[in-house]
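Student: Sharing run-v1.txt here; it has compact mmCIF, C-alpha atoms.
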```txt
# COMPACT_ATOMS: atom_id res chain seq x y z
CA MET A 22 59.59 68.14 -3.04
CA ASN A 23 62.47 70.01 -1.38
CA SER A 24 62.53 68.77 2.20
CA PRO A 25 65.15 67.09 4.42
CA LEU A 26 62.88 64.04 4.37
CA SER A 27 62.17 64.07 0.62
CA HIS A 28 64.21 60.86 0.28
CA LEU A 29 61.43 58.97 2.07
CA TYR A 30 59.02 59.71 -0.77
CA ILE A 31 58.68 58.06 -4.14
CA GLU A 32 56.61 59.14 -7.14
CA THR A 33 54.14 56.57 -8.41
CA GLU A 34 52.20 56.29 -11.67
CA ASP A 35 49.85 59.20 -10.92
CA ASN A 36 52.79 61.51 -10.02
CA VAL A 37 51.61 61.81 -6.40
CA PRO A 38 54.51 61.70 -3.90
CA ARG A 39 54.02 58.90 -1.40
CA ILE A 40 56.06 57.55 1.50
CA ALA A 41 57.78 54.35 0.36
CA ILE A 42 57.19 51.36 2.65
CA GLY A 43 58.84 48.19 1.36
CA ALA A 44 58.96 44.60 2.58
CA PHE A 45 61.23 41.91 1.19
CA ASP A 46 61.60 38.19 1.58
CA PHE A 47 65.23 37.11 1.91
CA ASP A 48 66.03 33.75 0.27
CA GLY A 49 65.44 33.65 -3.47
CA ASN A 50 64.19 37.23 -3.39
CA ILE A 51 67.12 39.44 -2.35
CA LEU A 52 69.84 36.78 -2.41
CA ALA A 53 70.00 33.05 -3.12
CA PRO A 54 72.39 31.82 -0.41
CA ASN A 55 73.11 28.11 -0.34
CA THR A 56 71.73 27.70 3.19
CA PRO A 57 70.76 24.02 3.22
CA TYR A 58 67.81 21.97 4.36
CA ARG A 59 68.81 18.64 5.91
CA VAL A 60 66.66 15.99 4.21
CA ILE A 61 66.57 12.26 3.57
CA GLU A 62 67.29 10.98 0.07
CA ILE A 63 64.51 8.48 -0.52
CA ALA A 64 66.50 6.19 -2.86
CA THR A 65 69.35 5.67 -0.40
CA GLY A 66 67.85 6.55 2.96
CA LYS A 67 70.85 8.77 3.61
CA GLU A 68 70.84 12.28 5.03
CA VAL A 69 71.85 14.96 2.50
CA CYS A 70 71.94 18.75 2.45
CA ILE A 71 70.12 20.60 -0.36
CA PRO A 72 70.17 24.40 -0.86
CA ALA A 73 66.83 25.57 0.46
CA HIS A 74 66.04 27.79 -2.51
CA GLU A 75 66.25 24.74 -4.79
CA LEU A 76 63.55 22.90 -2.83
CA ASP A 77 61.48 26.06 -2.30
CA ASN A 78 61.25 26.53 -6.06
CA ASN A 79 60.86 22.83 -6.87
CA ALA A 80 58.29 21.52 -4.40
CA GLU A 81 57.91 18.32 -6.43
CA LEU A 82 61.38 17.27 -5.22
CA ILE A 83 60.06 16.78 -1.70
CA SER A 84 56.34 16.21 -2.12
CA GLY A 85 54.18 14.16 -4.44
CA PRO A 86 54.50 10.69 -5.96
CA VAL A 87 57.93 11.19 -7.60
CA ALA A 88 59.64 13.07 -4.75
CA GLN A 89 63.39 12.44 -4.43
CA TYR A 90 63.63 13.65 -0.82
CA GLN A 91 61.65 13.69 2.40
CA TRP A 92 61.85 15.82 5.51
CA MET A 93 63.54 14.39 8.57
CA LYS A 94 61.30 12.81 11.19
CA ASN A 95 61.69 15.87 13.40
CA MET A 96 61.07 18.83 11.07
CA GLU A 97 63.23 21.09 13.22
CA ASP A 98 66.20 18.86 12.35
CA SER A 99 65.65 19.75 8.68
CA LEU A 100 65.62 23.48 9.47
CA VAL A 101 68.64 23.77 11.78
CA HIS A 102 70.56 26.10 9.43
CA PHE A 103 67.63 28.52 9.56
CA ARG A 104 67.96 28.87 13.33
CA ASP A 105 70.70 30.54 15.37
CA TYR A 106 71.31 27.88 17.97
CA THR A 107 70.75 24.16 17.64
CA ARG A 108 72.97 21.15 18.13
CA TYR A 109 73.93 21.41 14.45
CA SER A 110 74.31 25.11 13.75
CA GLU A 111 75.41 28.45 15.13
CA PRO A 112 74.77 32.13 14.29
CA ASN A 113 77.66 32.62 11.87
CA HIS A 114 76.06 30.30 9.33
CA LEU A 115 73.68 33.09 8.29
CA MET A 116 76.49 35.60 7.78
CA ASP A 117 78.77 33.08 6.08
CA ASP A 118 76.05 31.94 3.67
CA THR A 119 75.16 35.54 2.87
CA MET A 120 78.74 36.64 2.19
CA ASN A 121 79.32 33.57 0.02
CA ALA A 122 76.19 34.41 -1.97
CA ILE A 123 77.47 37.93 -2.63
CA LYS A 124 80.96 36.64 -3.49
CA ASN A 125 79.47 34.21 -6.00
CA GLY A 126 77.01 36.71 -7.48
CA LEU A 127 73.92 34.85 -6.25
CA PHE A 128 71.64 37.88 -6.44
CA SER A 129 67.90 37.35 -6.73
CA PRO A 130 65.37 39.38 -8.78
CA SER A 131 64.50 41.99 -6.14
CA PHE A 132 68.08 42.74 -5.16
CA GLU A 133 68.52 45.82 -7.34
CA ALA A 134 65.26 47.40 -6.18
CA PHE A 135 66.19 46.59 -2.57
CA LYS A 136 69.57 48.24 -3.02
CA GLU A 137 68.76 51.25 -5.23
CA THR A 138 65.31 52.17 -3.94
CA PHE A 139 65.75 51.42 -0.23
CA LEU A 140 69.32 50.88 0.98
CA VAL A 141 70.96 53.77 -0.86
CA ARG A 142 68.15 56.21 -0.04
CA ALA A 143 67.73 54.91 3.53
CA ARG A 144 63.99 54.50 3.09
CA LEU A 145 61.65 52.52 5.31
CA PHE A 146 61.76 48.77 4.76
CA ALA A 147 61.32 45.43 6.48
CA ILE A 148 62.64 41.94 5.94
CA ILE A 149 59.83 39.39 6.31
CA THR A 150 61.29 35.90 6.13
CA ALA A 151 60.31 32.41 7.17
CA ARG A 152 63.74 32.00 8.74
CA GLY A 153 63.89 31.54 12.51
CA HIS A 154 67.04 33.55 13.27
CA SER A 155 66.99 36.29 15.85
CA ALA A 156 66.23 39.80 14.64
CA ASP A 157 69.68 40.87 15.89
CA ASN A 158 71.38 38.30 13.70
CA LEU A 159 69.38 39.25 10.63
CA GLU A 160 70.07 42.92 11.32
CA ARG A 161 73.85 42.44 11.37
CA THR A 162 73.56 40.49 8.12
CA ILE A 163 71.53 43.15 6.31
CA ARG A 164 73.96 45.82 7.53
CA GLU A 165 76.89 43.79 6.22
CA ILE A 166 75.14 43.42 2.85
CA SER A 167 74.83 47.21 2.75
CA GLU A 168 78.49 47.74 3.61
CA THR A 169 79.61 45.18 1.04
CA VAL A 170 77.55 46.10 -2.03
CA LEU A 171 77.32 49.92 -1.85
CA SER A 172 79.93 52.12 -3.49
CA ASP A 173 81.55 54.99 -1.59
CA GLU A 174 79.26 57.46 -3.35
CA GLU A 175 76.20 55.39 -2.48
CA LYS A 176 77.33 55.16 1.14
CA ASN A 177 77.61 58.95 1.28
CA THR A 178 74.07 59.31 -0.09
CA GLN A 179 72.85 56.80 2.47
CA TYR A 180 74.60 58.59 5.34
CA GLU A 181 73.13 61.99 4.40
CA SER A 182 69.64 60.48 4.20
CA ILE A 183 70.01 58.76 7.55
CA LYS A 184 71.22 61.99 9.19
CA ASN A 185 68.12 63.83 7.97
CA LEU A 186 65.85 61.11 9.37
CA TYR A 187 67.81 61.05 12.64
CA GLN A 188 67.52 64.82 13.08
CA ALA A 189 63.79 64.66 12.43
CA LEU A 190 63.36 62.04 15.16
CA TYR A 191 65.95 63.46 17.59
CA PRO A 192 66.29 67.22 16.94
CA HIS A 193 67.77 67.77 20.43
CA MET A 194 70.63 65.31 19.92
CA PRO A 195 73.97 65.85 18.11
CA ILE A 196 74.41 64.65 14.53
CA PRO A 197 75.75 61.09 14.60
CA ASN A 198 78.94 59.97 12.90
CA ARG A 199 78.55 57.42 10.13
CA ASP A 200 78.84 54.34 12.33
CA GLN A 201 76.30 55.74 14.79
CA ALA A 202 74.00 56.63 11.90
CA LEU A 203 74.14 53.10 10.50
CA GLN A 204 73.45 51.63 13.91
CA PHE A 205 70.45 53.94 14.28
CA TYR A 206 69.09 53.09 10.83
CA PHE A 207 69.49 49.32 10.89
CA GLN A 208 68.37 48.97 14.51
CA GLU A 209 65.65 51.59 14.94
CA ILE A 210 64.26 52.15 11.44
CA VAL A 211 64.55 48.84 9.56
CA SER A 212 62.28 46.06 10.83
CA TYR A 213 63.00 42.33 10.93
CA TYR A 214 60.24 39.74 10.97
CA THR A 215 61.81 36.28 11.23
CA VAL A 216 58.43 34.62 11.45
CA SER A 217 59.67 31.18 12.51
CA ASN A 218 61.49 32.63 15.51
CA ALA A 219 59.70 31.64 18.72
CA HIS A 220 60.03 35.09 20.27
CA ILE A 221 58.87 37.00 17.20
CA LYS A 222 55.84 34.70 17.07
CA LYS A 223 55.02 35.52 20.68
CA TYR A 224 55.24 39.27 20.06
CA LEU A 225 52.88 38.93 17.08
CA SER A 226 50.53 36.57 18.97
CA LEU A 227 51.12 33.83 16.40
CA LYS A 228 50.27 30.25 17.28
CA MET A 229 52.72 27.42 16.75
CA ASP A 230 50.67 26.01 13.85
CA THR A 231 50.06 29.31 12.04
CA PRO A 232 50.95 28.74 8.35
CA THR A 233 53.84 30.78 6.99
CA PRO A 234 51.72 32.73 4.44
CA GLU A 235 49.40 33.85 7.23
CA LYS A 236 52.38 34.79 9.42
CA LYS A 237 53.69 36.99 6.61
CA VAL A 238 50.33 38.72 6.14
CA ILE A 239 50.11 39.43 9.88
CA SER A 240 53.71 40.69 9.88
CA MET A 241 53.02 43.01 6.93
CA ASP A 242 49.96 44.46 8.68
CA HIS A 243 51.96 44.97 11.85
CA TYR A 244 54.78 46.61 9.92
CA MET A 245 52.59 49.15 8.14
CA GLN A 246 50.84 50.13 11.38
CA ASP A 247 54.14 50.32 13.22
CA MET A 248 55.68 52.66 10.64
CA ARG A 249 52.70 54.99 10.88
CA ARG A 250 52.76 55.04 14.66
CA ARG A 251 56.42 54.75 15.58
CA ILE A 252 58.19 56.63 12.78
CA LEU A 253 55.93 58.77 10.61
CA ASP A 254 53.88 60.21 13.47
CA SER A 255 57.08 60.94 15.37
CA ILE A 256 58.58 63.02 12.56
CA GLY A 257 55.39 64.97 11.97
CA ILE A 258 54.15 63.28 8.80
CA ASP A 259 50.37 63.38 8.83
CA ASN A 260 48.52 60.07 9.11
CA SER A 261 46.64 60.87 5.90
CA THR A 262 49.87 61.04 3.86
CA PRO A 263 49.58 58.28 1.25
CA LEU A 264 51.98 55.35 1.20
CA ALA A 265 53.61 53.50 -1.67
CA ILE A 266 53.49 49.96 -0.27
CA GLY A 267 55.63 47.21 -1.76
CA PHE A 268 55.91 43.52 -0.93
CA SER A 269 58.29 41.12 -2.67
CA ASP A 270 58.42 37.33 -2.32
CA ASP A 271 59.24 34.26 -4.42
CA SER A 272 56.70 31.90 -2.82
CA VAL A 273 53.41 31.27 -4.64
CA SER A 274 51.45 30.62 -1.44
CA ASN A 275 52.90 33.67 0.31
CA MET A 276 52.07 35.90 -2.63
CA ARG A 277 48.53 34.55 -3.01
CA HIS A 278 47.75 35.20 0.64
CA MET A 279 49.28 38.68 0.53
CA PHE A 280 47.39 39.47 -2.66
CA GLN A 281 44.09 38.38 -1.14
CA SER A 282 44.79 40.46 1.97
CA PHE A 283 45.41 43.63 -0.02
CA VAL A 284 42.44 43.07 -2.33
CA LYS A 285 40.25 42.87 0.78
CA LYS A 286 41.78 46.09 2.12
CA ARG A 287 41.26 47.85 -1.21
CA LYS A 288 37.62 46.80 -1.36
CA ASN A 289 36.82 47.82 2.22
CA GLY A 290 38.48 51.21 1.79
CA THR A 291 41.27 50.87 4.36
CA LEU A 292 44.01 51.60 1.81
CA LYS A 293 42.53 55.01 0.92
CA ASN A 294 45.03 56.74 -1.40
CA ASP A 295 47.86 54.27 -0.81
CA THR A 296 49.31 52.36 -3.75
CA VAL A 297 50.24 48.69 -3.47
CA HIS A 298 52.66 46.78 -5.67
CA LEU A 299 53.32 43.08 -5.09
CA TYR A 300 56.42 41.64 -6.75
CA PHE A 301 56.40 37.89 -7.34
CA THR A 302 59.93 36.67 -8.12
CA GLY A 303 59.35 32.91 -8.23
CA LYS A 304 58.50 30.76 -11.24
CA GLN A 305 56.29 32.99 -13.35
CA TRP A 306 54.03 30.22 -14.65
CA ALA A 307 53.25 29.00 -11.12
CA LEU A 308 51.25 32.03 -10.00
CA SER A 309 47.72 32.60 -11.25
CA VAL A 310 45.95 35.76 -10.14
CA ALA A 311 42.19 36.03 -9.76
CA ASP A 312 40.49 38.46 -12.13
CA GLU A 313 39.64 41.34 -9.81
CA ASP A 314 38.51 44.77 -10.94
CA CYS A 315 40.91 46.51 -8.52
CA ILE A 316 44.16 45.06 -9.85
CA HIS A 317 46.56 45.39 -12.74
CA VAL A 318 49.10 42.69 -13.58
CA SER A 319 52.26 43.08 -15.64
CA GLN A 320 55.34 40.93 -16.19
CA ASN A 321 58.96 41.33 -17.13
CA GLU A 322 61.75 38.80 -17.48
CA LYS A 323 62.34 38.69 -13.71
CA MET A 324 58.99 39.05 -11.99
CA THR A 325 55.24 39.45 -12.01
CA ILE A 326 54.07 42.82 -10.71
CA ILE A 327 50.58 43.00 -9.24
CA GLN A 328 49.17 46.46 -8.59
CA VAL A 329 46.24 46.39 -6.17
```
Is it possible to express this structure as structure tokens?
Tutor:
Amino acid sequence: MNSPLSHLYIETEDNVPRIAIGAFDFDGNILAPNTPYRVIEIATGKEVCIPAHELDNNAELISGPVAQYQWMKNMEDSLVHFRDYTRYSEPNHLMDDTMNAIKNGLFSPSFEAFKETFLVRARLFAIITARGHSADNLERTIREISETVLSDEEKNTQYESIKNLYQALYPHMPIPNRDQALQFYFQEIVSYYTVSNAHIKKYLSLKMDTPTPEKKVISMDHYMQDMRRRILDSIGIDNSTPLAIGFSDDSVSNMRHMFQSFVKKRKNGTLKNDTVHLYFTGKQWALSVADEDCIHVSQNEKMTIIQV
């Protein structure tokens, strides 16, 4: 394909070019920052801080008969470092934790795919995370990740790709400089679903007690529809153009719910000629997948890949 927008496409197993639409969890999936939960150590009754990804991947530490920790009486007090403003935290914690993770090489299994397939090529992607930060704060963090990890050559490739997308959306406007192009891409193209943020929940019509896996499924559905309507339609890409949909997460419950959602879509015909790949980057033994005739499961040393 020789088009200014060819970078948006990716070839899948059947050699059909499809528009790449990716969604990534943040903690334990792209990076493993040491953002802490505030919890109570059961043996001492004292408050301690534990890196969230440690508890997320070892649920037995905080639930069950041999748990070492328990949540604070007010759950929001345990999650203060996953919010922008509380009496215990402030917005720079997200950026500081992220930069420290990069400095210390705390990259998670989907980082390379996130970087090589999406950041460098300036493709369409979303961050769907249980964090409660503002979308603006997450945006500045993802942009800083891009600026920190990409080489000069990769940044040039990214800039050229963004310019082509910009000109397709705004043919009457002058070509942006690099800083303007990055602002356009990370603000207008990339999407941020911080599903524990009160305002994001309102926009998605999510109730206070909606479980996180369900919030992620709803966010993924919203994202796919939004890309069709807001971006692809606007640049003249036909609604029947097939997508290469990807979703990556390290949570068993999140992945199970997303898997079930896409199996239902495949069976009722709403996916049409789209491909779907789900990338589970948590503990491999923890995820069991129902035997469905519309899926294919493979594994490597880093992840389980479910094709629906």
Student: Under the rule that only C-alpha atoms are counted, which of A:Glu62, A:Glu97, A:Glu165, A:Asp295 is the nearest residue to Val37 (chain A)?
Tutor: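 Using only C-alpha atoms, the shortest distance to Val37 (chain A) belongs to A:Asp295.
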Student: For CA of Glu235 (chain A) and CA of Val273 (chain A), determine how far apart the two atoms are, in Å to one decimal place.
Tutor: 12.8 Å
Student: One decimal, in Å: what's the spacing between CA of Thr302 (chain A) and CA of Asp270 (chain A)?
Tutor: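 That distance, rounded to one decimal, is 6.0 Å.
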Student: Within 9 Å of region 72-88 of chain A, which residues of region 217-305 of chain A show up? Give each one with its shortest atom-to-atom distance in Å (one decimal) and the two atoms involved, counting all atoms listed in the file, rows by chain then rising residue number, as a tab-separated table.
Tutor:
```
residue	atom	partner	partner_atom	distance
A:Asp271	CA	A:Asn78	CA	8.2
A:Ser272	CA	A:Asp77	CA	7.6
A:Gly303	CA	A:Asn78	CA	7.0
A:Lys304	CA	A:Asn78	CA	7.2
```
Student: Can you write just those residues out, C-alpha atoms, as a short mmCIF file (atom, residue, chain, number, x, y, z; two decimals), keeping the file's coordinate frame?
Tutor:
```
data_model
loop_
_atom_site.label_atom_id
_atom_site.label_comp_id
_atom_site.auth_asym_id
_atom_site.auth_seq_id
_atom_site.Cartn_x
_atom_site.Cartn_y
_atom_site.Cartn_z
CA ASP A 271 59.24 34.26 -4.42
CA SER A 272 56.70 31.90 -2.82
CA GLY A 303 59.35 32.91 -8.23
CA LYS A 304 58.50 30.76 -11.24
#
```
Student: What does the distance between CA of Pro130 (chain A) and CA of Val101 (chain A) come to in Å, to one decimal place?
Tutor: 26.0 Å
Student: With only C-alpha atoms as the basis for distance, which of A:Phe207, A:Ser167, A:Met248, A:Asn50 is at the shortest distance from Leu264 (chain A)?
Tutor: A:Met248
Student: Quick one: region 147-159 of chain A from the block, all heavy atoms, as an mmCIF file, in the first residue's frame.
Tutor:
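Wrote result-v1.cif, looks like this:
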```
data_model
loop_
_atom_site.group_PDB
_atom_site.id
_atom_site.type_symbol
_atom_site.label_atom_id
_atom_site.label_comp_id
_atom_site.auth_asym_id
_atom_site.auth_seq_id
_atom_site.Cartn_x
_atom_site.Cartn_y
_atom_site.Cartn_z
ATOM 1 N N ALA A 147 -5.157 3.629 22.414
ATOM 2 C CA ALA A 147 -5.739 4.165 23.646
ATOM 3 C C ALA A 147 -5.038 3.550 24.839
ATOM 4 O O ALA A 147 -4.525 2.427 24.764
ATOM 5 C CB ALA A 147 -7.234 3.861 23.709
ATOM 6 N N ILE A 148 -5.018 4.287 25.928
ATOM 7 C CA ILE A 148 -4.623 3.741 27.222
ATOM 8 C C ILE A 148 -5.902 3.550 28.024
ATOM 9 O O ILE A 148 -6.662 4.501 28.233
ATOM 10 C CB ILE A 148 -3.665 4.686 27.979
ATOM 11 C CG1 ILE A 148 -2.422 4.997 27.147
ATOM 12 C CG2 ILE A 148 -3.286 4.072 29.325
ATOM 13 C CD1 ILE A 148 -1.552 3.801 26.833
ATOM 14 N N ILE A 149 -6.155 2.314 28.453
ATOM 15 C CA ILE A 149 -7.339 2.008 29.260
ATOM 16 C C ILE A 149 -6.841 1.459 30.588
ATOM 17 O O ILE A 149 -6.383 0.320 30.675
ATOM 18 C CB ILE A 149 -8.264 1.001 28.554
ATOM 19 C CG1 ILE A 149 -8.699 1.533 27.178
ATOM 20 C CG2 ILE A 149 -9.490 0.714 29.412
ATOM 21 C CD1 ILE A 149 -9.602 0.588 26.400
ATOM 22 N N THR A 150 -6.900 2.289 31.613
ATOM 23 C CA THR A 150 -6.304 1.956 32.905
ATOM 24 C C THR A 150 -7.285 2.185 34.040
ATOM 25 O O THR A 150 -8.144 3.059 33.952
ATOM 26 C CB THR A 150 -5.030 2.794 33.132
ATOM 27 O OG1 THR A 150 -4.547 2.589 34.459
ATOM 28 C CG2 THR A 150 -5.290 4.284 32.940
ATOM 29 N N ALA A 151 -7.114 1.402 35.098
ATOM 30 C CA ALA A 151 -7.970 1.566 36.274
ATOM 31 C C ALA A 151 -7.559 2.772 37.116
ATOM 32 O O ALA A 151 -8.231 3.091 38.097
ATOM 33 C CB ALA A 151 -7.938 0.306 37.134
ATOM 34 N N ARG A 152 -6.476 3.428 36.743
ATOM 35 C CA ARG A 152 -6.070 4.630 37.473
ATOM 36 C C ARG A 152 -7.170 5.699 37.405
ATOM 37 O O ARG A 152 -7.995 5.685 36.500
ATOM 38 C CB ARG A 152 -4.776 5.190 36.893
ATOM 39 C CG ARG A 152 -3.518 4.399 37.276
ATOM 40 C CD ARG A 152 -2.301 4.933 36.586
ATOM 41 N NE ARG A 152 -1.070 4.292 37.044
ATOM 42 C CZ ARG A 152 -0.248 4.791 37.962
ATOM 43 N NH1 ARG A 152 -0.521 5.973 38.511
ATOM 44 N NH2 ARG A 152 0.844 4.137 38.328
ATOM 45 N N GLY A 153 -7.106 6.634 38.361
ATOM 46 C CA GLY A 153 -8.113 7.696 38.403
ATOM 47 C C GLY A 153 -7.570 9.065 38.075
ATOM 48 O O GLY A 153 -8.214 10.067 38.375
ATOM 49 N N HIS A 154 -6.378 9.126 37.466
ATOM 50 C CA HIS A 154 -5.805 10.419 37.094
ATOM 51 C C HIS A 154 -6.660 11.096 36.019
ATOM 52 O O HIS A 154 -7.480 10.456 35.355
ATOM 53 C CB HIS A 154 -4.389 10.232 36.556
ATOM 54 C CG HIS A 154 -3.453 9.605 37.530
ATOM 55 N ND1 HIS A 154 -3.017 10.244 38.661
ATOM 56 C CD2 HIS A 154 -2.870 8.381 37.551
ATOM 57 C CE1 HIS A 154 -2.200 9.450 39.342
ATOM 58 N NE2 HIS A 154 -2.103 8.313 38.688
ATOM 59 N N SER A 155 -6.431 12.369 35.816
ATOM 60 C CA SER A 155 -7.092 13.054 34.717
ATOM 61 C C SER A 155 -6.493 12.586 33.391
ATOM 62 O O SER A 155 -5.334 12.141 33.339
ATOM 63 C CB SER A 155 -6.918 14.565 34.841
ATOM 64 O OG SER A 155 -5.562 14.928 34.589
ATOM 65 N N ALA A 156 -7.266 12.706 32.337
ATOM 66 C CA ALA A 156 -6.756 12.351 31.013
ATOM 67 C C ALA A 156 -5.587 13.257 30.628
ATOM 68 O O ALA A 156 -4.630 12.803 29.980
ATOM 69 C CB ALA A 156 -7.875 12.450 29.979
ATOM 70 N N ASP A 157 -5.636 14.533 31.025
ATOM 71 C CA ASP A 157 -4.546 15.459 30.724
ATOM 72 C C ASP A 157 -3.232 14.993 31.356
ATOM 73 O O ASP A 157 -2.165 15.069 30.741
ATOM 74 C CB ASP A 157 -4.877 16.863 31.237
ATOM 75 C CG ASP A 157 -5.887 17.589 30.359
ATOM 76 O OD1 ASP A 157 -6.073 17.150 29.210
ATOM 77 O OD2 ASP A 157 -6.476 18.573 30.824
ATOM 78 N N ASN A 158 -3.306 14.528 32.582
ATOM 79 C CA ASN A 158 -2.107 14.084 33.274
ATOM 80 C C ASN A 158 -1.544 12.819 32.633
ATOM 81 O O ASN A 158 -0.330 12.684 32.442
ATOM 82 C CB ASN A 158 -2.410 13.840 34.756
ATOM 83 C CG ASN A 158 -1.158 13.823 35.607
ATOM 84 O OD1 ASN A 158 -0.051 14.052 35.134
ATOM 85 N ND2 ASN A 158 -1.332 13.554 36.892
ATOM 86 N N LEU A 159 -2.410 11.893 32.286
ATOM 87 C CA LEU A 159 -1.940 10.682 31.620
ATOM 88 C C LEU A 159 -1.370 11.008 30.249
ATOM 89 O O LEU A 159 -0.362 10.427 29.827
ATOM 90 C CB LEU A 159 -3.080 9.672 31.499
ATOM 91 C CG LEU A 159 -2.685 8.297 30.943
ATOM 92 C CD1 LEU A 159 -1.578 7.644 31.770
ATOM 93 C CD2 LEU A 159 -3.900 7.382 30.868
#
```
